[in-house]
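Content type PDB, C-alpha atoms and all ligand atoms, from the file my_file_26.pdb:
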ATOM      1  CA  MET A   1      92.621 126.923  90.515  1.00  0.00           C
ATOM      2  CA  SER A   2      92.855 123.222  91.285  1.00  0.00           C
ATOM      3  CA  LYS A   3      95.472 122.011  93.716  1.00  0.00           C
ATOM      4  CA  PRO A   4      97.493 118.884  92.960  1.00  0.00           C
ATOM      5  CA  SER A   5      95.773 115.909  94.573  1.00  0.00           C
ATOM      6  CA  THR A   6      98.866 113.751  94.921  1.00  0.00           C
ATOM      7  CA  ILE A   7     102.461 114.871  95.313  1.00  0.00           C
ATOM      8  CA  ALA A   8     105.219 112.263  94.946  1.00  0.00           C
ATOM      9  CA  ILE A   9     108.545 112.955  96.661  1.00  0.00           C
ATOM     10  CA  ASP A  10     111.297 110.447  95.959  1.00  0.00           C
ATOM     11  CA  GLY A  11     114.985 110.274  96.829  1.00  0.00           C
ATOM     12  CA  PHE A  12     117.741 108.077  98.221  1.00  0.00           C
ATOM     13  CA  ALA A  13     118.359 107.236 101.889  1.00  0.00           C
ATOM     14  CA  ALA A  14     118.584 110.298 104.132  1.00  0.00           C
ATOM     15  CA  SER A  15     117.927 112.691 101.241  1.00  0.00           C
ATOM     16  CA  GLY A  16     115.703 114.659 103.605  1.00  0.00           C
ATOM     17  CA  LYS A  17     112.539 113.608 101.818  1.00  0.00           C
ATOM     18  CA  SER A  18     110.666 112.513 104.955  1.00  0.00           C
ATOM     19  CA  THR A  19     111.287 115.777 106.825  1.00  0.00           C
ATOM     20  CA  VAL A  20     110.574 117.925 103.804  1.00  0.00           C
ATOM     21  CA  ALA A  21     107.494 115.958 102.745  1.00  0.00           C
ATOM     22  CA  ALA A  22     106.036 116.091 106.270  1.00  0.00           C
ATOM     23  CA  LEU A  23     106.520 119.862 106.479  1.00  0.00           C
ATOM     24  CA  LEU A  24     105.084 120.414 103.018  1.00  0.00           C
ATOM     25  CA  ALA A  25     102.019 118.328 103.884  1.00  0.00           C
ATOM     26  CA  GLU A  26     101.527 120.235 107.130  1.00  0.00           C
ATOM     27  CA  GLN A  27     101.768 123.619 105.405  1.00  0.00           C
ATOM     28  CA  LEU A  28      99.405 122.601 102.598  1.00  0.00           C
ATOM     29  CA  GLY A  29      96.968 120.872 104.977  1.00  0.00           C
ATOM     30  CA  TYR A  30      97.580 117.571 103.190  1.00  0.00           C
ATOM     31  CA  LEU A  31      98.086 114.076 104.561  1.00  0.00           C
ATOM     32  CA  TYR A  32     101.639 112.770 104.631  1.00  0.00           C
ATOM     33  CA  PHE A  33     102.677 109.187 104.096  1.00  0.00           C
ATOM     34  CA  ASP A  34     106.248 107.834 104.254  1.00  0.00           C
ATOM     35  CA  THR A  35     106.318 104.525 102.342  1.00  0.00           C
ATOM     36  CA  GLY A  36     109.790 103.620 103.665  1.00  0.00           C
ATOM     37  CA  VAL A  37     108.296 102.696 107.033  1.00  0.00           C
ATOM     38  CA  MET A  38     106.334  99.874 105.379  1.00  0.00           C
ATOM     39  CA  TYR A  39     109.498  98.249 103.957  1.00  0.00           C
ATOM     40  CA  ARG A  40     111.129  98.742 107.348  1.00  0.00           C
ATOM     41  CA  ALA A  41     108.128  97.163 109.104  1.00  0.00           C
ATOM     42  CA  VAL A  42     108.366  94.045 106.906  1.00  0.00           C
ATOM     43  CA  THR A  43     112.108  93.832 107.623  1.00  0.00           C
ATOM     44  CA  TRP A  44     111.525  94.185 111.353  1.00  0.00           C
ATOM     45  CA  ALA A  45     108.889  91.418 111.217  1.00  0.00           C
ATOM     46  CA  VAL A  46     111.294  89.109 109.347  1.00  0.00           C
ATOM     47  CA  LEU A  47     113.920  89.604 112.078  1.00  0.00           C
ATOM     48  CA  ASP A  48     111.356  89.345 114.892  1.00  0.00           C
ATOM     49  CA  ARG A  49     109.779  86.129 113.599  1.00  0.00           C
ATOM     50  CA  GLY A  50     113.115  84.541 112.755  1.00  0.00           C
ATOM     51  CA  VAL A  51     112.287  84.118 109.055  1.00  0.00           C
ATOM     52  CA  ASP A  52     115.415  83.437 106.965  1.00  0.00           C
ATOM     53  CA  PRO A  53     115.971  86.682 104.964  1.00  0.00           C
ATOM     54  CA  ALA A  54     117.179  84.551 102.019  1.00  0.00           C
ATOM     55  CA  ASP A  55     113.856  82.656 101.953  1.00  0.00           C
ATOM     56  CA  VAL A  56     112.111  84.763  99.303  1.00  0.00           C
ATOM     57  CA  ALA A  57     108.808  82.872  99.552  1.00  0.00           C
ATOM     58  CA  GLY A  58     108.783  83.023 103.364  1.00  0.00           C
ATOM     59  CA  VAL A  59     109.558  86.753 103.462  1.00  0.00           C
ATOM     60  CA  SER A  60     106.969  87.450 100.737  1.00  0.00           C
ATOM     61  CA  GLN A  61     104.292  85.486 102.568  1.00  0.00           C
ATOM     62  CA  LEU A  62     104.992  87.401 105.767  1.00  0.00           C
ATOM     63  CA  ALA A  63     104.776  90.732 103.879  1.00  0.00           C
ATOM     64  CA  GLU A  64     101.389  89.692 102.488  1.00  0.00           C
ATOM     65  CA  GLN A  65     100.069  88.556 105.885  1.00  0.00           C
ATOM     66  CA  ILE A  66     101.108  91.177 108.419  1.00  0.00           C
ATOM     67  CA  SER A  67      99.010  94.232 109.117  1.00  0.00           C
ATOM     68  CA  ILE A  68     101.030  97.462 108.972  1.00  0.00           C
ATOM     69  CA  THR A  69      99.325 100.617 110.208  1.00  0.00           C
ATOM     70  CA  VAL A  70     100.671 104.154 110.254  1.00  0.00           C
ATOM     71  CA  THR A  71      98.726 106.600 112.419  1.00  0.00           C
ATOM     72  CA  ALA A  72      99.127 110.080 113.865  1.00  0.00           C
ATOM     73  CA  ASP A  73      98.665 109.041 117.510  1.00  0.00           C
ATOM     74  CA  GLY A  74     101.318 107.969 120.046  1.00  0.00           C
ATOM     75  CA  PRO A  75     103.684 109.669 122.488  1.00  0.00           C
ATOM     76  CA  ALA A  76     105.391 112.953 121.614  1.00  0.00           C
ATOM     77  CA  ASP A  77     108.915 111.498 121.518  1.00  0.00           C
ATOM     78  CA  GLY A  78     110.105 112.936 118.215  1.00  0.00           C
ATOM     79  CA  ARG A  79     108.165 110.460 116.058  1.00  0.00           C
ATOM     80  CA  GLN A  80     106.491 111.609 112.831  1.00  0.00           C
ATOM     81  CA  ALA A  81     103.857 108.873 113.121  1.00  0.00           C
ATOM     82  CA  THR A  82     103.224 105.632 114.978  1.00  0.00           C
ATOM     83  CA  VAL A  83     103.993 102.482 113.002  1.00  0.00           C
ATOM     84  CA  ARG A  84     102.421  99.229 114.168  1.00  0.00           C
ATOM     85  CA  VAL A  85     102.867  95.662 112.997  1.00  0.00           C
ATOM     86  CA  ASP A  86      99.901  93.498 113.980  1.00  0.00           C
ATOM     87  CA  GLY A  87      99.078  96.043 116.687  1.00  0.00           C
ATOM     88  CA  ARG A  88     102.559  96.292 118.219  1.00  0.00           C
ATOM     89  CA  ASP A  89     104.249  99.717 118.242  1.00  0.00           C
ATOM     90  CA  VAL A  90     107.504  99.320 116.244  1.00  0.00           C
ATOM     91  CA  THR A  91     108.087 103.020 115.497  1.00  0.00           C
ATOM     92  CA  TRP A  92     111.632 103.050 116.886  1.00  0.00           C
ATOM     93  CA  ASP A  93     112.445  99.347 116.354  1.00  0.00           C
ATOM     94  CA  ILE A  94     112.267  99.843 112.579  1.00  0.00           C
ATOM     95  CA  ARG A  95     115.109 102.412 112.812  1.00  0.00           C
ATOM     96  CA  GLN A  96     117.610  99.892 114.239  1.00  0.00           C
ATOM     97  CA  PRO A  97     120.860  99.295 112.280  1.00  0.00           C
ATOM     98  CA  GLN A  98     119.860  95.621 111.777  1.00  0.00           C
ATOM     99  CA  VAL A  99     116.811  96.840 109.857  1.00  0.00           C
ATOM    100  CA  ASP A 100     118.892  99.423 107.925  1.00  0.00           C
ATOM    101  CA  ALA A 101     121.292  96.686 106.866  1.00  0.00           C
ATOM    102  CA  LEU A 102     118.602  94.341 105.524  1.00  0.00           C
ATOM    103  CA  VAL A 103     115.784  96.526 104.246  1.00  0.00           C
ATOM    104  CA  SER A 104     117.126  97.201 100.740  1.00  0.00           C
ATOM    105  CA  ARG A 105     117.611  93.501 100.086  1.00  0.00           C
ATOM    106  CA  LEU A 106     114.082  92.541 101.148  1.00  0.00           C
ATOM    107  CA  SER A 107     112.707  95.526  99.210  1.00  0.00           C
ATOM    108  CA  SER A 108     113.923  93.859  96.016  1.00  0.00           C
ATOM    109  CA  TYR A 109     111.586  90.862  96.429  1.00  0.00           C
ATOM    110  CA  PRO A 110     108.813  91.305  93.839  1.00  0.00           C
ATOM    111  CA  ARG A 111     105.934  90.008  96.005  1.00  0.00           C
ATOM    112  CA  VAL A 112     107.003  92.276  98.862  1.00  0.00           C
ATOM    113  CA  ARG A 113     106.882  95.263  96.509  1.00  0.00           C
ATOM    114  CA  THR A 114     103.521  94.260  95.045  1.00  0.00           C
ATOM    115  CA  ALA A 115     101.955  93.798  98.483  1.00  0.00           C
ATOM    116  CA  LEU A 116     103.150  97.189  99.724  1.00  0.00           C
ATOM    117  CA  THR A 117     102.535  99.046  96.451  1.00  0.00           C
ATOM    118  CA  ASN A 118      98.890  97.934  96.455  1.00  0.00           C
ATOM    119  CA  GLN A 119      98.425  99.214 100.006  1.00  0.00           C
ATOM    120  CA  GLN A 120     100.137 102.509  99.126  1.00  0.00           C
ATOM    121  CA  ARG A 121      97.836 103.095  96.143  1.00  0.00           C
ATOM    122  CA  ARG A 122      94.802 102.524  98.364  1.00  0.00           C
ATOM    123  CA  ILE A 123      96.178 104.982 100.925  1.00  0.00           C
ATOM    124  CA  ALA A 124      96.868 107.641  98.257  1.00  0.00           C
ATOM    125  CA  ALA A 125      93.352 107.315  96.853  1.00  0.00           C
ATOM    126  CA  ALA A 126      92.178 109.502  99.756  1.00  0.00           C
ATOM    127  CA  GLY A 127      93.689 112.461  97.825  1.00  0.00           C
ATOM    128  CA  SER A 128      95.375 115.627  99.170  1.00  0.00           C
ATOM    129  CA  MET A 129      98.389 113.465  99.876  1.00  0.00           C
ATOM    130  CA  VAL A 130     102.150 113.930  99.955  1.00  0.00           C
ATOM    131  CA  MET A 131     103.688 110.477  99.551  1.00  0.00           C
ATOM    132  CA  ALA A 132     107.436 109.951 100.032  1.00  0.00           C
ATOM    133  CA  GLY A 133     109.600 107.019  98.943  1.00  0.00           C
ATOM    134  CA  ARG A 134     111.816 105.687  96.146  1.00  0.00           C
ATOM    135  CA  ASP A 135     109.373 104.679  93.432  1.00  0.00           C
ATOM    136  CA  ILE A 136     106.304 106.809  94.084  1.00  0.00           C
ATOM    137  CA  GLY A 137     106.596 108.871  90.889  1.00  0.00           C
ATOM    138  CA  THR A 138     107.735 105.938  88.765  1.00  0.00           C
ATOM    139  CA  VAL A 139     105.673 102.965  89.989  1.00  0.00           C
ATOM    140  CA  VAL A 140     103.221 103.615  92.834  1.00  0.00           C
ATOM    141  CA  LEU A 141     101.608 106.802  91.500  1.00  0.00           C
ATOM    142  CA  PRO A 142     102.784 107.305  87.906  1.00  0.00           C
ATOM    143  CA  ASP A 143      99.883 109.764  87.446  1.00  0.00           C
ATOM    144  CA  ALA A 144     100.808 111.925  90.453  1.00  0.00           C
ATOM    145  CA  ASP A 145     100.081 115.596  89.771  1.00  0.00           C
ATOM    146  CA  LEU A 146     103.510 116.704  90.931  1.00  0.00           C
ATOM    147  CA  LYS A 147     106.683 114.593  91.121  1.00  0.00           C
ATOM    148  CA  VAL A 148     109.864 115.672  92.852  1.00  0.00           C
ATOM    149  CA  PHE A 149     113.158 113.815  93.231  1.00  0.00           C
ATOM    150  CA  LEU A 150     115.520 115.080  95.945  1.00  0.00           C
ATOM    151  CA  LEU A 151     119.267 114.733  95.470  1.00  0.00           C
ATOM    152  CA  ALA A 152     122.069 115.162  98.027  1.00  0.00           C
ATOM    153  CA  SER A 153     125.648 113.902  98.173  1.00  0.00           C
ATOM    154  CA  PRO A 154     126.333 110.823 100.375  1.00  0.00           C
ATOM    155  CA  GLU A 155     128.547 112.947 102.682  1.00  0.00           C
ATOM    156  CA  GLU A 156     125.847 115.561 103.237  1.00  0.00           C
ATOM    157  CA  ARG A 157     123.246 112.858 103.887  1.00  0.00           C
ATOM    158  CA  ALA A 158     125.555 111.094 106.365  1.00  0.00           C
ATOM    159  CA  ARG A 159     126.088 114.414 108.186  1.00  0.00           C
ATOM    160  CA  ARG A 160     122.315 114.925 108.419  1.00  0.00           C
ATOM    161  CA  ARG A 161     121.644 111.428 109.711  1.00  0.00           C
ATOM    162  CA  TYR A 162     124.518 111.705 112.211  1.00  0.00           C
ATOM    163  CA  ARG A 163     123.134 114.968 113.616  1.00  0.00           C
ATOM    164  CA  GLN A 164     119.635 113.486 113.723  1.00  0.00           C
ATOM    165  CA  SER A 165     120.828 110.481 115.760  1.00  0.00           C
ATOM    166  CA  LEU A 166     122.649 112.696 118.263  1.00  0.00           C
ATOM    167  CA  GLU A 167     119.595 114.943 118.611  1.00  0.00           C
ATOM    168  CA  GLN A 168     117.534 111.872 119.431  1.00  0.00           C
ATOM    169  CA  ASN A 169     120.172 110.714 121.952  1.00  0.00           C
ATOM    170  CA  ARG A 170     121.013 107.653 119.873  1.00  0.00           C
ATOM    171  CA  PRO A 171     124.682 106.615 119.579  1.00  0.00           C
ATOM    172  CA  ALA A 172     126.168 107.281 116.127  1.00  0.00           C
ATOM    173  CA  ASP A 173     129.401 106.758 114.202  1.00  0.00           C
ATOM    174  CA  PHE A 174     129.806 109.045 111.169  1.00  0.00           C
ATOM    175  CA  ASP A 175     132.008 106.697 109.106  1.00  0.00           C
ATOM    176  CA  GLN A 176     129.659 103.787 109.680  1.00  0.00           C
ATOM    177  CA  ILE A 177     126.656 105.903 108.689  1.00  0.00           C
ATOM    178  CA  LEU A 178     128.402 107.057 105.485  1.00  0.00           C
ATOM    179  CA  ALA A 179     129.421 103.517 104.529  1.00  0.00           C
ATOM    180  CA  ALA A 180     125.875 102.256 105.148  1.00  0.00           C
ATOM    181  CA  ILE A 181     124.397 105.061 102.999  1.00  0.00           C
ATOM    182  CA  ILE A 182     126.772 104.308 100.096  1.00  0.00           C
ATOM    183  CA  GLN A 183     125.966 100.598 100.307  1.00  0.00           C
ATOM    184  CA  ARG A 184     122.221 101.209 100.493  1.00  0.00           C
ATOM    185  CA  ASP A 185     122.363 103.633  97.517  1.00  0.00           C
ATOM    186  CA  ALA A 186     123.929 100.914  95.391  1.00  0.00           C
ATOM    187  CA  LEU A 187     121.323  98.341  96.436  1.00  0.00           C
ATOM    188  CA  ASP A 188     118.411 100.738  95.918  1.00  0.00           C
ATOM    189  CA  ARG A 189     119.748 102.000  92.572  1.00  0.00           C
ATOM    190  CA  ASP A 190     120.283  98.460  91.291  1.00  0.00           C
ATOM    191  CA  ASN A 191     117.074  97.026  92.716  1.00  0.00           C
ATOM    192  CA  PRO A 192     116.059  94.777  89.781  1.00  0.00           C
ATOM    193  CA  VAL A 193     112.321  95.178  90.338  1.00  0.00           C
ATOM    194  CA  SER A 194     112.054  98.864  91.083  1.00  0.00           C
ATOM    195  CA  PRO A 195     115.375 100.696  90.797  1.00  0.00           C
ATOM    196  CA  THR A 196     115.420 104.111  92.444  1.00  0.00           C
ATOM    197  CA  HIS A 197     115.567 106.781  89.753  1.00  0.00           C
ATOM    198  CA  PRO A 198     113.680 109.981  88.960  1.00  0.00           C
ATOM    199  CA  ALA A 199     110.560 109.687  86.810  1.00  0.00           C
ATOM    200  CA  ALA A 200     110.971 111.238  83.356  1.00  0.00           C
ATOM    201  CA  ASP A 201     108.601 114.041  84.380  1.00  0.00           C
ATOM    202  CA  ALA A 202     110.021 114.554  87.911  1.00  0.00           C
ATOM    203  CA  ILE A 203     111.517 117.858  88.980  1.00  0.00           C
ATOM    204  CA  ILE A 204     114.974 117.254  90.420  1.00  0.00           C
ATOM    205  CA  ILE A 205     116.152 119.382  93.349  1.00  0.00           C
ATOM    206  CA  ASP A 206     119.750 119.234  94.568  1.00  0.00           C
ATOM    207  CA  THR A 207     119.482 119.929  98.313  1.00  0.00           C
ATOM    208  CA  ASP A 208     123.197 119.933  99.242  1.00  0.00           C
ATOM    209  CA  ASN A 209     123.389 123.686  99.837  1.00  0.00           C
ATOM    210  CA  LEU A 210     119.790 124.238 100.846  1.00  0.00           C
ATOM    211  CA  THR A 211     118.214 124.270 104.288  1.00  0.00           C
ATOM    212  CA  ILE A 212     115.085 122.234 104.917  1.00  0.00           C
ATOM    213  CA  ALA A 213     113.039 125.455 104.954  1.00  0.00           C
ATOM    214  CA  GLN A 214     114.460 126.465 101.548  1.00  0.00           C
ATOM    215  CA  VAL A 215     113.565 123.080 100.031  1.00  0.00           C
ATOM    216  CA  VAL A 216     110.022 123.348 101.416  1.00  0.00           C
ATOM    217  CA  GLU A 217     109.708 126.868  99.957  1.00  0.00           C
ATOM    218  CA  GLN A 218     110.804 125.579  96.527  1.00  0.00           C
ATOM    219  CA  LEU A 219     108.248 122.788  96.747  1.00  0.00           C
ATOM    220  CA  LYS A 220     105.459 125.193  97.702  1.00  0.00           C
ATOM    221  CA  HIS A 221     106.415 127.313  94.709  1.00  0.00           C
ATOM    222  CA  LEU A 222     106.172 124.206  92.497  1.00  0.00           C
ATOM    223  CA  VAL A 223     102.736 123.421  93.937  1.00  0.00           C
ATOM    224  CA  GLU A 224     101.570 126.960  93.113  1.00  0.00           C
ATOM    225  CA  THR A 225     102.984 126.707  89.609  1.00  0.00           C
ATOM    226  CA  SER A 226     101.298 123.379  89.038  1.00  0.00           C
ATOM    227  CA  CYS A 227      98.017 124.891  90.367  1.00  0.00           C
ATOM    228  CA  ASN A 228      98.252 127.495  87.614  1.00  0.00           C
ATOM    229  CA  GLU A 229      98.998 124.820  85.036  1.00  0.00           C
ATOM    230  CA  HIS A 230      95.990 122.771  86.177  1.00  0.00           C
ATOM    231  CA  ALA A 231      93.723 125.828  86.295  1.00  0.00           C
TER     232      ALA A 231
HETATM  233  O1  LIG A 301     113.312 105.970 103.134  1.00  0.00           O
HETATM  234  P1  LIG A 301     113.836 104.884 104.054  1.00  0.00           P
HETATM  235  O2  LIG A 301     115.324 104.931 104.252  1.00  0.00           O
HETATM  236  O3  LIG A 301     113.104 104.808 105.352  1.00  0.00           O
HETATM  237  O4  LIG A 301     113.520 103.518 103.277  1.00  0.00           O
HETATM  238  C1  LIG A 301     113.918 102.281 103.769  1.00  0.00           C
HETATM  239  C2  LIG A 301     114.139 101.300 102.641  1.00  0.00           C
HETATM  240  O5  LIG A 301     112.909 100.947 102.054  1.00  0.00           O
HETATM  241  C3  LIG A 301     115.035 101.760 101.522  1.00  0.00           C
HETATM  242  O6  LIG A 301     116.345 101.258 101.671  1.00  0.00           O
HETATM  243  C4  LIG A 301     114.432 101.196 100.273  1.00  0.00           C
HETATM  244  C5  LIG A 301     113.048 100.795 100.661  1.00  0.00           C
HETATM  245  N1  LIG A 301     111.994 101.563 100.005  1.00  0.00           N
HETATM  246  C6  LIG A 301     111.599 101.150  98.757  1.00  0.00           C
HETATM  247  O7  LIG A 301     112.187 100.211  98.210  1.00  0.00           O
HETATM  248  N2  LIG A 301     110.566 101.779  98.134  1.00  0.00           N
HETATM  249  C7  LIG A 301     109.947 102.819  98.719  1.00  0.00           C
HETATM  250  N3  LIG A 301     108.923 103.436  98.097  1.00  0.00           N
HETATM  251  C8  LIG A 301     110.364 103.268  99.997  1.00  0.00           C
HETATM  252  C9  LIG A 301     111.408 102.621 100.605  1.00  0.00           C
END
If you took the structure in this file and wrote it as structure tokens, what would it be?
Amino acid sequence: MSKPSTIAIDGFAASGKSTVAALLAEQLGYLYFDTGVMYRAVTWAVLDRGVDPADVAGVSQLAEQISITVTADGPADGRQATVRVDGRDVTWDIRQPQVDALVSRLSSYPRVRTALTNQQRRIAAAGSMVMAGRDIGTVVLPDADLKVFLLASPEERARRRYRQSLEQNRPADFDQILAAIIQRDALDRDNPVSPTHPAADAIIIDTDNLTIAQVVEQLKHLVETSCNEHA
């Protein structure tokens, strides 16, 4: 029986894909990579360096120049991984509301997407990889062995993100979170270069009434099924 080498998990903001993908990777003994942190890192760098977000060429150049690393080291403070931009730890900085508000817009710049997509393909080439994002099954890894798209209503996703912020002792306002999710959905869905949508061969899972553990169980079942198909 051959196991799938690459598993693509896509979904909208706060669909639970990062949590679920990380758990799945851990249970399968695979590597996990969350591509969203790369778009967030570029956005953080744009704000940090004072580049005009409307300057497409300037933002693109920065995205092509900076070094973004994602590693498993760092303090045990609730982080999934340590994200660095040119050596500086930005793991929590990239979760700031200023980054949330801008990231979808900068993610629509074609050269930004090309720069990050190329890096993501190199990272996935290691194999035994669960990669999470918006366009993994459609653009980054169209030949992924297993593609999953996670759905959840905006209200359920806002509730999850609200609880997550409180658990991490970060201030949160539910209505603001919900409004930001709805706005980001629209921007990500209508992204002219790489609109977020399920690949034709993706398996769609509606997670509204499922716990994280139940979603992970469904995914493990899919992995087993695809093992049998590949056997
Ligand atoms: O998953 P996330 O919320 O951390 O992603 C942050 C933003 O990055 C999201 O609004 C859209 C963008 N993104 C993208 O365009 N393509 C990806 N593969 C991952 C994220």
Val85 in chain A: which residues within 7 Å, counting only C-alpha atoms, same-chain residues fewer than 2 positions away excluded, as an MDAnalysis selection string? chainID A and resid 41 66:69 83 87:90
Explicit residues for the PyMOL selection byres (((chain A and resi 101-117) around 7) and not hetatm) (as a list in words): Tyr39, Arg40, Thr43, Val56, Ser60, Ala63, Glu64, Pro97, Gln98, Val99, Asp100, Asn118, Gln119, Gln120, Arg121, Val140, Arg184, Leu187, Asp188, Asn191, Pro192 and Val193 of chain A
The PyMOL selection byres (((chain A and resi 12-26) around 10) and not hetatm) applied to the shown file, residues as a short mmCIF file (atom, residue, chain, number, x, y, z; two decimals) with C-alpha atoms, keeping the file's coordinate frame:
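Okay, this is what ended up in out.cif:
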data_model
loop_
_atom_site.label_atom_id
_atom_site.label_comp_id
_atom_site.auth_asym_id
_atom_site.auth_seq_id
_atom_site.Cartn_x
_atom_site.Cartn_y
_atom_site.Cartn_z
CA ILE A 7 102.46 114.87 95.31
CA ALA A 8 105.22 112.26 94.95
CA ILE A 9 108.54 112.96 96.66
CA ASP A 10 111.30 110.45 95.96
CA GLY A 11 114.98 110.27 96.83
CA GLN A 27 101.77 123.62 105.40
CA LEU A 28 99.40 122.60 102.60
CA GLY A 29 96.97 120.87 104.98
CA TYR A 30 97.58 117.57 103.19
CA LEU A 31 98.09 114.08 104.56
CA TYR A 32 101.64 112.77 104.63
CA PHE A 33 102.68 109.19 104.10
CA ASP A 34 106.25 107.83 104.25
CA THR A 35 106.32 104.52 102.34
CA GLY A 36 109.79 103.62 103.66
CA GLN A 80 106.49 111.61 112.83
CA ASP A 100 118.89 99.42 107.92
CA SER A 128 95.38 115.63 99.17
CA MET A 129 98.39 113.46 99.88
CA VAL A 130 102.15 113.93 99.96
CA MET A 131 103.69 110.48 99.55
CA ALA A 132 107.44 109.95 100.03
CA GLY A 133 109.60 107.02 98.94
CA ARG A 134 111.82 105.69 96.15
CA VAL A 148 109.86 115.67 92.85
CA PHE A 149 113.16 113.82 93.23
CA LEU A 150 115.52 115.08 95.94
CA LEU A 151 119.27 114.73 95.47
CA ALA A 152 122.07 115.16 98.03
CA SER A 153 125.65 113.90 98.17
CA PRO A 154 126.33 110.82 100.38
CA GLU A 156 125.85 115.56 103.24
CA ARG A 157 123.25 112.86 103.89
CA ALA A 158 125.56 111.09 106.36
CA ARG A 159 126.09 114.41 108.19
CA ARG A 160 122.32 114.92 108.42
CA ARG A 161 121.64 111.43 109.71
CA ALA A 180 125.88 102.26 105.15
CA ILE A 181 124.40 105.06 103.00
CA ILE A 182 126.77 104.31 100.10
CA ARG A 184 122.22 101.21 100.49
CA ASP A 185 122.36 103.63 97.52
CA ALA A 186 123.93 100.91 95.39
CA ASP A 188 118.41 100.74 95.92
CA ARG A 189 119.75 102.00 92.57
CA THR A 196 115.42 104.11 92.44
CA HIS A 197 115.57 106.78 89.75
CA ASP A 206 119.75 119.23 94.57
CA THR A 207 119.48 119.93 98.31
CA ASP A 208 123.20 119.93 99.24
CA THR A 211 118.21 124.27 104.29
CA ILE A 212 115.08 122.23 104.92
CA ALA A 213 113.04 125.46 104.95
CA GLN A 214 114.46 126.46 101.55
CA VAL A 215 113.56 123.08 100.03
CA VAL A 216 110.02 123.35 101.42
CA GLU A 217 109.71 126.87 99.96
CA LEU A 219 108.25 122.79 96.75
CA LYS A 220 105.46 125.19 97.70
CA VAL A 223 102.74 123.42 93.94
#
Distance CA of Pro4 in chain A-CA of Ala126 in chain A, one decimal place?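 Atom-to-atom, CA of Pro4 in chain A and CA of Ala126 in chain A are spaced 12.7 Å apart.
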For CA of Thr71 in chain A and CA of Arg84 in chain A, quote the distance in Å rounded to one decimal.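 So the answer is 8.4 Å.
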Enter the distance from CA of Leu146 in chain A to atom N3 of ligand LIG 301 (chain A), in Å, rounded to one decimal.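 Atom-to-atom, CA of Leu146 in chain A and atom N3 of ligand LIG 301 (chain A) are spaced 16.0 Å apart.
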Find, counting all atoms listed in the file, the residue in A:Leu222, A:Ala81, A:Ala199, A:Ile94 that gets nearest to Ile136 in chain A. A:Ala199
Which of these residues is nearest to ligand LIG 301 (chain A), using all atoms listed in the file: A:Asp143, A:Asp135, A:Asp93, A:Glu155?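 Counting all atoms listed in the file, the residue closest to ligand LIG 301 (chain A) is A:Asp135.
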Got a moment to write range 85-94 of chain A out with N, CA, C and O atoms, as a short mmCIF file (atom, residue, chain, number, x, y, z; two decimals), in the first residue's frame?
data_model
loop_
_atom_site.label_atom_id
_atom_site.label_comp_id
_atom_site.auth_asym_id
_atom_site.auth_seq_id
_atom_site.Cartn_x
_atom_site.Cartn_y
_atom_site.Cartn_z
N VAL A 85 11.32 36.46 9.39
CA VAL A 85 11.57 37.24 8.18
C VAL A 85 12.97 37.81 8.32
O VAL A 85 13.25 38.54 9.29
N ASP A 86 13.85 37.45 7.40
CA ASP A 86 15.25 37.85 7.46
C ASP A 86 15.82 37.65 8.88
O ASP A 86 16.50 38.52 9.43
N GLY A 87 15.49 36.52 9.47
CA GLY A 87 16.06 36.14 10.77
C GLY A 87 15.29 36.64 11.97
O GLY A 87 15.53 36.18 13.09
N ARG A 88 14.36 37.56 11.80
CA ARG A 88 13.63 38.09 12.95
C ARG A 88 12.35 37.28 13.20
O ARG A 88 11.59 37.00 12.27
N ASP A 89 12.12 36.91 14.46
CA ASP A 89 10.95 36.12 14.83
C ASP A 89 9.69 36.99 14.74
O ASP A 89 9.53 37.94 15.51
N VAL A 90 8.80 36.67 13.80
CA VAL A 90 7.57 37.46 13.60
C VAL A 90 6.32 36.60 13.83
O VAL A 90 5.22 36.96 13.40
N THR A 91 6.50 35.47 14.51
CA THR A 91 5.43 34.49 14.69
C THR A 91 4.12 35.12 15.16
O THR A 91 3.05 34.81 14.62
N TRP A 92 4.19 36.00 16.15
CA TRP A 92 2.96 36.61 16.67
C TRP A 92 2.63 37.91 15.95
O TRP A 92 1.47 38.27 15.81
N ASP A 93 3.67 38.62 15.48
CA ASP A 93 3.43 39.89 14.76
C ASP A 93 2.54 39.67 13.54
O ASP A 93 1.73 40.52 13.19
N ILE A 94 2.69 38.52 12.87
CA ILE A 94 1.93 38.30 11.64
C ILE A 94 0.45 37.99 11.92
O ILE A 94 -0.33 37.84 10.99
#
